[in-house]
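Colleague: Here it is, the structure in full.
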Amino acid sequence: MSTSARKASRAQSLFAPDLLKAAAGRAVIMLRPDHLWKNPVMFVVEVGTALSILYTVVKAVNPDSTQATLGYLVALDFWLVATVLFANFAEALAEARGKAQADALRKTKQATPAFRRDSGGVFRETVSTDLTEGDFVAVEAGQVIPADGEIVEGVAAVDESAITGESAPVIREAGGDRSGVTGGTRVLSDRIVVRVTVKQGESFLDRMIALVEGAKRQRTPNEIALSIVLAAFTLIFLIVTATLYPLALYAEGYTGNVGLGTDIPTLVALLVCLIPTTIGALLSAIGIAGMDRALRANIIAKSGKAVEVAGDVDTLLLDKTGTITMGNRRATRFVPFGESSASDVGRLATLASVADETPEGKSVVELFRKMPGVNLSSVDATAGATFVPFAAQTRMSGIDRRDGPSIRKGATDAVTKYAQAAGGTLPSGLKEQVDAVASQGATPLLVCEGNRVAGMIVLEDILKPNIRERFERLRKMGLRTVMVTGDNPLTAKSIAAQAGVDDYIAEATPEAKLAYIRKEQAAGKLVAMMGDGTNDAPALAQADVGVAMNSGTQAAKEAGNMVDLDSDPTKLIEVVEVGKQLLMTRGALTTFSVANDVAKYFAIVPALFAGTLPQLKTLDFMNLTSPTSAILSAVIFNALVIPCLIPVALKGVTYRPVGADALLRRNLLVWGLGGVVAPFVGIKLIDLILTLVRAV
Amino acid sequence: MLARIRVNALLLLSTLAMGSVAYPAVLLAVARLVPTTATGSLVVGTDGVPVGSRLIAQEFKGDEWFHPRPSAVGYNAGGSGGSNLGASNPKLRERVAEDLKAYPSVAALPADAVTTSGSGLDPHLTLRAAQAQLDRVSAAVAAKSGSEVAATRAKLDAALRAEAFTSMAGLVGGEPIVNVLEVNRAVRALIVAK
Amino acid sequence: MWILPLLVIGLAAGLAVPLGRAMARALDRPADNALERAFDTGPQSWKGYCLALLAFNAVAFVIGFGLLATQHLLPLNPDGKTALAPTTIFNTAASFLTNTNLQHYSGEVHLSYFSQLFFIAWKQFVTPAIGLGALLAVIRGLRGDKHLGNFTLDVWRGVAYVFLPLSLIVGLLLILGGVPMTLEGAVEVTTLEGAKQTISRGPVAAIVAIKQLGTNGGGFFGANSAHPFENPSAWTNLLECVCILLVPMACVVMFGRMVRGNGQATVIFNVMMAFLVAFTVWAIVTDTMSPNPGLSGLPLDQSSGNLEGKELRFGPSAGATWAAATTVTSNGSVNCMHDSLNPLAGLTPLSGMWINCAFGGVGVGLINFLVYLIVAVFLAGLMVGRTPEYLGKKVEAREVKLAMLALLVHPLLILIPTGIASVSKWGTDATNNPGPHGLSEMLYEFTSASANNGSGFEGLGDTVGTAEDAANPEKAESNGRAVVWDLATGLVMLIGRFVPIIAPIALAASLAAKKPTPFTAGTLRTDTLTFALVLVGTIVLVGALLFLPVAALGPIAEHLSFTTN
């Protein structure tokens with residue numbers, strides 16, 4: 001699924017009617033105090049609401065109990081209840097979205113037939129739910145893989161669309177780094193034997209379902225810290241409101257006028273308006289939505305903490321191949337030596353590459369075919385020839401012809417040795433030309449015909465389009481990028497410079513990666529990396545954010561704290577953005593919530609004492625219609641702002657890679673200043689509407 | 001533990017020795033260089049007996065004296081303090097209205113004449129507030145000394161102007177003020193001189 | 001009119017820079033001579049530092065209590081001051097232990113010279129040094145030191161290197177400026193009119209110098225620096241007002257030096273300065289430039305502003321300027337009676353004490369500010385999409401918990417007791433003024449106690465006085481009220497001092513133990529104008545706005561009662 005398609009699905013399902021319905025139902029159930037207890041802000045609102053309702057009942061029975069009118073009290077109760085419901089709704093909606101995703105996943109998890117190898121070595125049919133760690137199962141074309149595991153035998157094309165949404169089948173084979181298979185996916189061709197690597201109920205799918213359903217959602221460190229701040233604010237405002245009662249009593253004592261300042265439901269209204277209900281209501285939804293966003297990017301985080309940590313990452317370890325460059329190196333030029341022409345070199349190189357199945361070898365053929373005016377038939381004359389495939393020992397491939405000298409193409413030192421051994425001499429300037437190419441980060445290969453070195457093939461890494469801009473963006477986000485490559489330092493340095501990464505690890509071994517991560521971490525940096533092979537596992541485990549590719553080995557997936565279902569190496573960048581968005585959304589909504597208090601003070605405080613100290617009307621800048629209308633307007637604004645901000649909570653505040661300072665300025669302007677101004681406008685508007693409604 | 005107690009005791013004793021013994025001792029020694037102000041800026045009368053402190057307001061009731069600002073502590077320099085009346089306290093307005101009766105002919109009396117100072121011992125009065133008392137004082141002084149009212153008034157006004165100064169030479173704003181004890185010594189000189 | 005505040009703030013800031021640098025040099029180094037080594041019990045963890053701090057304070061409390069309780073038996077008592085009432089002793093012992101210097105007594109009426117020198121002056125030297133020590137510990141934690149220093153060494157250095165030399169200079173200048181410094185008792189004079197007047201005096205210059213320098217504020221006389229002997233002229237007024245701000249300002253400079261982040265310190269200094277300037281301007285506009293609204297319509301010339309409770313010799317804006325300076329710092333000395341400030345001007349001292357961190361008390365002011373800063377860093381840090389960090393250390397749940405604890409205490413200690421007092425006879429009957437101003441008096445008293453400020457709306461009847469007064473049946477009713485005020489404010493001062501000191505030390509130590517994170521383009525910068533605005537916003541929203549309802553019921557309601565009637 002492409003990014004844009006994913007975005008479309010996201011937008012479309014944000015407020016899907018069935019989700020809304022499910023969430024609305026759950027919002028009512030979640031009113032239970034034992035559930036709300038976990039959220040101190042909303043718990044206080046609920047207790048206050050209960051108190052307010054109690055006073056309303058008393059008023060209904062004994063009309064003299066307070067000077068507030070019954071209609072006002074009922075309206076107040078309604079909106080207080082609505083506040084709690086809106087908060088529950090936000091959380092329920094986020095959960096419902098996760099649940100919908102989980103249900104889709106669960107469908108793939110029905111018991112399927114499995115063929116397990118018994119002690120006698122015979123495969124017998126059983127069901128997938130009976131499988132346990134260490135079992136061996138055979139899966140044939142058309143069958144569903146019954147459990148997570150590793151292929152020990154065979155190669156197969158596997159349809160993983162159930163998990164990744166990607167319809168193109170992928171190749172999975174025993175040994176190497178593409179041996180991992182996931183339960184629920186379907187084998188399309190061939191037969192494989194899979195060793196089950198997980199216990200029942202702990203499969204990848206199980207964990208994924210549990211995570212997206214929020215059943216095992218643990219609060220992340222930043223969420224806990226923020227909860228403490230919110231609880232403390234709530235306590236402070238509880239004291240502010242509670243002490244207003246005696247202070248109002250004192251004022252009533254010397255003026256002799258009773259006002260709303262000693263009316264408990266009104267004080268509850270003030271309390272609810274002052275405590276940070278907006279962020280309190282949306283906090284858990286933000287957390288769930290963060291996981292959900294990661295999932296929509298086809299990344300499965302093993303915990304919410306992993307997503308959050310991604311926002312803090314300082315250093316990204318990126319594999320060169322696939323992330324920075326397009327797949328493998330490609331032949332880009334033929335350089336002739338002596339009297340040969342470029343097309344001669346191309347022809348010889350192509351002949352030598354016929355038996356070379358490596359991507360580089362194929363790219364040589366491709367390049368030659370694209371050369372203008374080449375005679376393609378010139379490379380067909382291979383009848384009776386013996387192909388010499390590429391071997392790690394010789395580092396050459398070639399062809400031994402009957403009607404001409406043998407042709408070899410390969411690493412420069414190997415070919416020069418070959419030519420010299422056959423009694424040839426090296427063309428002048430060969431070494432200089434070879435070095436010149438190597439120093440540009442390209443790889444020179446030599447082609448020789450018999451003992452004559454005819455020319456050079458230049459293999460180059462092709463950078464992915466816009467990769468420089470992408471790294472620039474990362475730098476503005478404060479991230480250092482490190483390219484990991486098996487290339488020699490010279491090549492690595494050149495590509496690093498072209499791509500604009502900050503550092504590189506050349507001739508990278510798993511140990512080198514691990515050492516680099518440790519070095520960065522010792523300097524206090526958080527490191528993210530992506531890996532697939534078993535030998536990446538230690539580095540994945542060591543990294544603060546280790547993203548394993550779904551195509552990778554089980555060991556890699558176990559070691560990392562996220563799995564990328566698309567096995568897309570550029571995904572790290574998205575992971576970081578999701579993490580940053582998660583934190584930003586929390587910060588922005590908290591600031592908004594606290595900034596709202598300014599207007600609420602100026603709406604409620606004059607109203608509270610209008611009866612007792614009429615001179616305080618001067619503080620009512622908004623010039624609201626009446627004290628009760630002022631208080632109701634503030635409460636209604638406070639309640640309505642929650643559903644209005646649900647989309648922000650779920651989608652997240654947009655992250656822009658403009659540097660921390662600019663980002664802060666922007667968010668301060670939008671959420672801080674906006675938080676101060678919005679309620680002035682909102683409350684005034686609601687007050688006007690209330691007045692209008694009453695007039696009608 | 002014992003070492004801790006010893007260090008704490010050392011800290012206690014050394015800070016006491018510095019702050020409560022050595023420090024005041026040095027300042028007391030310095031104070032001997034300026035004996036008059038260091039003992040309270042006392043003003044000695046003709047008979048060598050102190051009549052007051054230049055810095056401390058005193059009560060003057062008689063018509064022949066310039067009256068200082070009202071005092072919330074009754075000019076008792078064994079204590080000090082203000083009225084602590086807030087603007088909204090009717091007692092403040094009542095008190096000021098009462099004190100204003102002493103200036104029946106003044107349309108806009110400088111407020112210092114009827115407001116109590118923070119210490120209750122403010123020795124100063126604005127020049128204008130002192131001049132607002134000139135009618136009363138010159139009449140009484142003229143009667144006592146048997147001289148002409150207008151001449152007495154001119155002399156007193158000159159004495160007031162001679163005494164007047166502005167704080168920090170006017171740098172910090174404010175209008176000219178006079179030291180009430182000093183101007184009353186001038187009054188006394190006038191009475192005694194006949 | 002504006003020259004005086006400009007002079008005060010300009011001189012204080014100008015002198016604070018070299019002083020702060022010198023303080024960093026003198027206070028932040030290992031013990032390097034025999035005398036210092038005698039005080040150095042070795043590096044302390046945060047627990048060790050706090051225990052030492054609490055232990056020394058406990059001893060100092062007991063000794064202080066003992067000194068006051070036995071003053072009638074001790075020497076240097078030329079005027080024969082008698083024993084004090086028990087709750088007056090408790091309140092005074094708590095008040096001077098906590099650097100508050102709330103005075104439920106009158107110096108010239110109740111204290112012997114021995115008590116003035118051995119209790120008052122001693123506490124005034126030691127308690128700011130303790131605050132300074134706490135700040136040093138916090139700064140060492142913030143910059144990641146393994147240990148927070150040594151408490152006894154810090155206090156010794158604070159007294160010997162900072163407060164003693166400064167006090168000697170200022171004391172000398174005050175003596176030259178006409179402040180009495182004598183051990184002779186009160187003098188009786190015969191006025192020109194023939195009346196007798198008793199004039200109290202004493203070793204005034206010694207007390208005034210250290211009371212101004214150490215954000216103490218407890219004067220020799222009841223009227224504090226409004227008294228002509230404590231503050232004889234506009235020149236001494238300028239000097240004393242500069243001294244209020246000097247060391248608190250220098251603390252910020254010292255912080256910048258110690259964390260090698262002058263940019264950090266500059267932001268903090270400027271934000272504090274913004275509050276000081278705003279409060280000063282507000283007070284001058286509402287008090288010096290506005291007449292007393294209670295006297296409007298009378299045949300008065302109020303062109304010099306509200307003169308009730310003001311002295312003439314300092315110049316018209318002196319009271320307002322001092323009121324702002326003495327309350328943003330937790331000094332609490334006064335040169336005019338705050339109770340008689342115009343209602344809106346009364347908001348200046350109240351707000352200064354509510355935020356209690358614009359320079360603030362020696363050491364503790366900056367500590368309070370750093371707590372706000374942690375909260376600001378937390379909110380702003382989230383907004384840039386990173387786990388918040390300050391000076392390269394991550395601010396996480398534990399730090400936030402400690403910061404909120406330190407922050408919570410202040411509003412709790414102000415609002416709860418004020419609420420109780422406003423519906424209790426001991427509260428309302430003690431007020432000197434009716435209506436909203438009475439509420440302001442009670443509010444001010446608890447605000448001052450919690451902020452460890454010590455100034456007051458002094459009309460409040462909170463003084464028992466001598467043991468004789470306490471036993472006087474005629475005063476039984478007012479004594480009953482004053483006893484409650486003594487005990488309530490005493491407790492508020494103690495909690496308000498130690499919780500906001502200990503929690504931040506623990507916080508700093510917790511940060512110290514963390515691995516430093518490197519600075520990147522994604523890191524929130526805490527030395528920019530943007531962050532300064534976040535700080536102002538945090539302090540206003542979190543620190544001040546929650547007092548809006550009480551402000552509305554007190555000073556604002558009082559002010560508006562004039563304009564709307």
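Letters A, B, ... go to the chains of the structure tokens in the order shown; residues in each chain start at 1; ligands are counted from 1 in the same order.
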List the spatial neighbours of range 392-403 of chain C as a ChimeraX atom specification - criterion: any atom at most 10 Å away, only C-alpha atoms, same-chain residues fewer than 3 positions off excluded.
Modeller: /A:221-229,231-232,524 /C:142-144,368,370-375,377-378,381,386-389,406-408,499-500,502-519,523-524
Colleague: Write out the residues from the selection above, keeping C-alpha atoms, as a compact mmCIF listing (two decimals), in the first residue's frame.
Modeller:
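Saved the output as part.txt:
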# COMPACT_ATOMS: atom_id res chain seq x y z
CA PRO A 221 7.39 7.61 30.77
CA ASN A 222 6.44 10.98 29.32
CA GLU A 223 2.79 10.19 29.72
CA ILE A 224 3.37 9.37 33.38
CA ALA A 225 5.29 12.61 33.90
CA LEU A 226 2.53 14.58 32.22
CA SER A 227 -0.10 12.81 34.32
CA ILE A 228 1.74 13.98 37.41
CA VAL A 229 1.68 17.56 36.17
CA ALA A 231 -2.78 15.75 38.77
CA ALA A 232 -0.87 18.54 40.50
CA GLY A 524 24.25 10.14 25.76
CA LEU C 142 22.02 20.75 37.59
CA ARG C 143 25.46 20.83 36.11
CA GLY C 144 25.91 17.15 36.89
CA ASN C 368 11.88 28.71 43.05
CA LEU C 370 14.24 26.87 38.55
CA VAL C 371 11.16 24.92 39.60
CA TYR C 372 9.01 27.05 37.28
CA LEU C 373 11.69 26.59 34.68
CA ILE C 374 11.46 22.81 34.95
CA VAL C 375 7.71 23.02 34.41
CA VAL C 377 10.89 23.08 30.01
CA PHE C 378 8.52 20.18 30.38
CA GLY C 381 10.00 20.34 25.47
CA ARG C 386 11.28 15.47 22.44
CA THR C 387 11.47 14.27 25.98
CA PRO C 388 12.06 17.59 27.75
CA GLU C 389 15.58 18.30 28.90
CA ALA C 406 7.69 22.37 45.44
CA LEU C 407 5.19 24.33 43.38
CA LEU C 408 2.06 23.04 45.11
CA VAL C 499 9.68 21.84 51.36
CA PRO C 500 10.56 24.23 48.50
CA ILE C 502 14.48 20.14 49.84
CA ALA C 503 12.36 19.05 46.86
CA PRO C 504 14.46 21.03 44.36
CA ILE C 505 17.73 19.73 45.88
CA ALA C 506 16.41 16.20 45.38
CA LEU C 507 15.33 17.17 41.88
CA ALA C 508 18.75 18.55 41.02
CA ALA C 509 20.44 15.44 42.38
CA SER C 510 18.12 13.30 40.31
CA LEU C 511 19.11 15.25 37.20
CA ALA C 512 22.77 15.02 38.17
CA ALA C 513 22.60 11.24 38.14
CA LYS C 514 21.45 11.16 34.52
CA LYS C 515 23.55 10.74 31.48
CA PRO C 516 23.91 14.03 29.65
CA THR C 517 22.19 14.15 26.28
CA PRO C 518 23.96 15.93 23.45
CA PHE C 519 22.68 19.18 22.08
CA THR C 523 16.85 20.20 21.30
CA LEU C 524 14.80 22.88 22.96
Colleague: Near Ser440 in chain C, within 10 Å and counting only C-alpha atoms, which residues show up once chain neighbours fewer than 5 positions away are dropped, as a PyMOL selection string?
Modeller: (chain B and resi 86) or (chain C and resi 339+343+346-347+350+418+431+433-435+445+447+457+550-551+553-556+558)
Colleague: Could you save those same residues with C-alpha atoms as a PDB file, in the first residue's frame?
Modeller:
ATOM      1  CA  GLY B  86      -6.965  51.136  53.826  1.00  0.00           C
TER       2      GLY B  86
ATOM      3  CA  ASP C 339      -1.663  48.261  54.340  1.00  0.00           C
ATOM      4  CA  PRO C 343      -5.957  49.015  46.641  1.00  0.00           C
ATOM      5  CA  GLY C 346      -1.459  46.443  46.937  1.00  0.00           C
ATOM      6  CA  LEU C 347      -1.480  43.953  44.088  1.00  0.00           C
ATOM      7  CA  LEU C 350       0.919  40.453  46.674  1.00  0.00           C
ATOM      8  CA  THR C 418      -6.757  32.398  54.224  1.00  0.00           C
ATOM      9  CA  THR C 431      -8.449  42.799  60.768  1.00  0.00           C
ATOM     10  CA  ASN C 433     -10.084  47.323  57.997  1.00  0.00           C
ATOM     11  CA  PRO C 434     -13.570  46.209  56.990  1.00  0.00           C
ATOM     12  CA  GLY C 435     -14.755  44.515  53.819  1.00  0.00           C
ATOM     13  CA  GLU C 445      -0.289  37.753  56.054  1.00  0.00           C
ATOM     14  CA  THR C 447       1.085  35.082  51.478  1.00  0.00           C
ATOM     15  CA  PHE C 457      -0.507  44.569  55.963  1.00  0.00           C
ATOM     16  CA  VAL C 550      -8.721  36.078  45.726  1.00  0.00           C
ATOM     17  CA  ALA C 551      -7.253  39.156  44.097  1.00  0.00           C
ATOM     18  CA  LEU C 553     -12.298  39.524  46.123  1.00  0.00           C
ATOM     19  CA  GLY C 554      -9.651  41.605  47.882  1.00  0.00           C
ATOM     20  CA  PRO C 555      -7.782  44.484  46.245  1.00  0.00           C
ATOM     21  CA  ILE C 556      -9.738  44.556  42.983  1.00  0.00           C
ATOM     22  CA  GLU C 558     -11.906  47.319  46.968  1.00  0.00           C
TER      23      GLU C 558
END
Colleague: Any idea what's packed within 8 Å of Leu148 in chain C, counting only C-alpha atoms, ignoring anything in its chain fewer than 3 positions away? Could you give it as number ranges by chain?
Modeller: C: 43-46, 49, 136-138, 140-141, 145, 509
Colleague: With distances taken over only C-alpha atoms, which of C:Gly107, C:Gly66, C:Pro299, C:Gly543 is nearest to chain B?
Modeller: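 Ranking C:Gly107, C:Gly66, C:Pro299, C:Gly543 by distance to chain B, first place goes to C:Pro299.
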Colleague: Assign secondary structure with DSSP using the backbone only, and return the residues of range 471-642 of chain A in alpha helix (DSSP H) as an NGL selection string.
Modeller: :A and (471-476 or 489-499 or 510-522 or 537-542 or 554-559 or 571-595 or 597-608 or 627-642)
Colleague: Please report, as a Markdown table, each residue of chain A lying at most 6 Å from chain C, together with the nearest pair of atoms and the separation in Å rounded to one decimal; use only C-alpha atoms, and order rows by chain and ascending residue number.
Modeller:
| residue | atom | partner | partner_atom | distance |
| --- | --- | --- | --- | --- |
| A:Ala225 | CA | C:Ala397 | CA | 4.0 |
| A:Thr243 | CA | C:Gly419 | CA | 5.1 |
| A:Pro246 | CA | C:Gly419 | CA | 5.4 |
| A:Leu247 | CA | C:Gly419 | CA | 5.7 |
| A:Tyr250 | CA | C:Ser422 | CA | 5.8 |
| A:Tyr254 | CA | C:Gly435 | CA | 5.9 |
| A:Gly311 | CA | C:Arg386 | CA | 5.7 |
| A:Asp312 | CA | C:Arg386 | CA | 5.1 |
| A:Lys476 | CA | C:Ala521 | CA | 5.9 |
| A:Met477 | CA | C:Gly522 | CA | 4.9 |
| A:Gly478 | CA | C:Gly522 | CA | 3.9 |
| A:Gly524 | CA | C:Thr517 | CA | 4.5 |
| A:Lys525 | CA | C:Thr517 | CA | 5.9 |
| A:Lys580 | CA | C:Gly385 | CA | 4.1 |
| A:Leu583 | CA | C:Gly385 | CA | 4.9 |
| A:Met584 | CA | C:Met383 | CA | 4.3 |
| A:Gly587 | CA | C:Leu382 | CA | 4.5 |
| A:Ala588 | CA | C:Met383 | CA | 5.6 |
| A:Gln615 | CA | C:Leu560 | CA | 5.6 |
| A:Gly659 | CA | C:Ala521 | CA | 5.5 |
| A:Ala660 | CA | C:Gly522 | CA | 4.8 |
| A:Leu663 | CA | C:Val384 | CA | 5.9 |
| A:Leu664 | CA | C:Val384 | CA | 5.7 |
Colleague: For Ala599 in chain A, please output as a PyMOL selection string all residues within 8 Å (counting only C-alpha atoms; exclusion window: fewer than 4 positions along the same chain).
Modeller: chain A and resi 603+676-677+679-680
Colleague: Leaving out Asn8 in chain B and any residue of its chain fewer than 3 positions from it, which residues lie within 10 Å of it when counting only C-alpha atoms, given as an MDAnalysis selection string?
Modeller: (chainID B and resid 2:5 11:14) or (chainID C and resid 39 41 52 55:56 59:60 151:152)
Colleague: Could you write those residues out with N, CA and C atoms, as a short mmCIF file (atom, residue, chain, number, x, y, z; two decimals), in the first residue's frame?
Modeller:
data_model
loop_
_atom_site.label_atom_id
_atom_site.label_comp_id
_atom_site.auth_asym_id
_atom_site.auth_seq_id
_atom_site.Cartn_x
_atom_site.Cartn_y
_atom_site.Cartn_z
N LEU B 2 30.32 12.34 66.07
CA LEU B 2 30.91 13.34 66.97
C LEU B 2 31.53 14.47 66.15
N ALA B 3 32.14 14.07 65.04
CA ALA B 3 32.78 15.07 64.18
C ALA B 3 31.72 16.02 63.62
N ARG B 4 30.57 15.47 63.26
CA ARG B 4 29.47 16.29 62.73
C ARG B 4 29.04 17.31 63.77
N ILE B 5 28.85 16.82 64.99
CA ILE B 5 28.41 17.72 66.05
C ILE B 5 29.44 18.82 66.27
N LEU B 11 30.39 25.89 63.51
CA LEU B 11 29.67 26.81 62.62
C LEU B 11 28.81 27.78 63.43
N LEU B 12 28.11 27.22 64.43
CA LEU B 12 27.27 28.05 65.29
C LEU B 12 28.09 29.14 65.96
N LEU B 13 29.17 28.72 66.60
CA LEU B 13 29.96 29.68 67.39
C LEU B 13 30.66 30.68 66.49
N SER B 14 31.18 30.21 65.35
CA SER B 14 31.92 31.15 64.51
C SER B 14 30.98 32.16 63.87
N PHE C 39 35.67 23.26 58.38
CA PHE C 39 34.22 23.21 58.20
C PHE C 39 33.79 22.12 57.23
N THR C 41 33.12 18.73 55.99
CA THR C 41 32.97 17.35 56.46
C THR C 41 32.96 16.38 55.28
N ALA C 52 22.05 17.57 56.81
CA ALA C 52 22.90 18.55 57.49
C ALA C 52 22.17 19.87 57.63
N ALA C 55 19.42 19.49 60.24
CA ALA C 55 19.98 19.36 61.58
C ALA C 55 20.44 20.71 62.10
N PHE C 56 21.15 21.45 61.24
CA PHE C 56 21.64 22.75 61.68
C PHE C 56 20.48 23.69 61.97
N VAL C 59 18.90 22.88 65.31
CA VAL C 59 19.70 23.42 66.43
C VAL C 59 19.53 24.94 66.50
N ALA C 60 19.58 25.59 65.35
CA ALA C 60 19.46 27.04 65.32
C ALA C 60 18.11 27.48 65.86
N PHE C 151 27.56 21.21 53.23
CA PHE C 151 26.67 22.22 53.79
C PHE C 151 27.38 23.20 54.72
N THR C 152 28.13 22.67 55.69
CA THR C 152 28.74 23.59 56.67
C THR C 152 29.76 24.51 56.01
#
Colleague: What lies within 10 Å of range 38-47 of chain B using only C-alpha atoms, ignoring chain neighbours under 2 positions off, as an MDAnalysis selection string?
Modeller: (chainID B and resid 28 30:36 49:56 181:182 185) or (chainID C and resid 174:187 189:192 199:205 228:229 232)
Colleague: For a test of reading the model, state the distance in Å between CA of Val272 in chain A and CA of Arg219 in chain A, rounded to one decimal.
Modeller: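 The value is 24.2 Å.
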Colleague: Which residues in range 191-237 of chain C does DSSP call strand (DSSP E or B)? List them as a list in words.
Modeller: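 Filtering range 191-237 of chain C to strand (DSSP E or B) leaves Lys196, Gln197, Thr198 and Ile199 of chain C.
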Colleague: Just the number, please: distance in Å from CA of Glu311 in chain C to CA of Arg136 in chain B, one decimal.
Modeller: 24.8 Å
Colleague: Ranking B:Ala140, B:Val114, B:Ala193, B:Ala108 by minimum distance to chain C and counting only C-alpha atoms, which one comes first?
Modeller: B:Ala108
Colleague: What does the structure give for the distance between CA of Gly682 in chain A and CA of Val84 in chain A, in Å to one decimal?
Modeller: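 A separation of 19.7 Å between them.
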Colleague: Which residue gives the smallest distance to His124 in chain B among C:Phe125, C:Phe163, C:Phe119, C:Phe314, with only C-alpha atoms counted?
Modeller: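 The answer is C:Phe314, which sits nearest to His124 in chain B.
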Colleague: Kindly indicate which residue among B:Asn89, B:Leu109, B:Phe66, B:Gly174 lies nearest to Leu156 in chain B, using only C-alpha atoms for the distances.
Modeller: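 Answer, going by the shortest atom-to-atom distance: B:Phe66.
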Colleague: May I ask which of the residues C:Gly305, C:Gly256, C:Gly297, C:Gly171 is the closest one to Leu239 in chain C, counting only C-alpha atoms?
Modeller: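 Counting only C-alpha atoms, the residue closest to Leu239 in chain C is C:Gly171.
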Colleague: Identify which of the residues C:Glu308, C:Asp486, C:Asp40, C:Asp28 lies closest to Arg69 in chain B, counting only C-alpha atoms when measuring atom-to-atom distances.
Modeller: C:Glu308
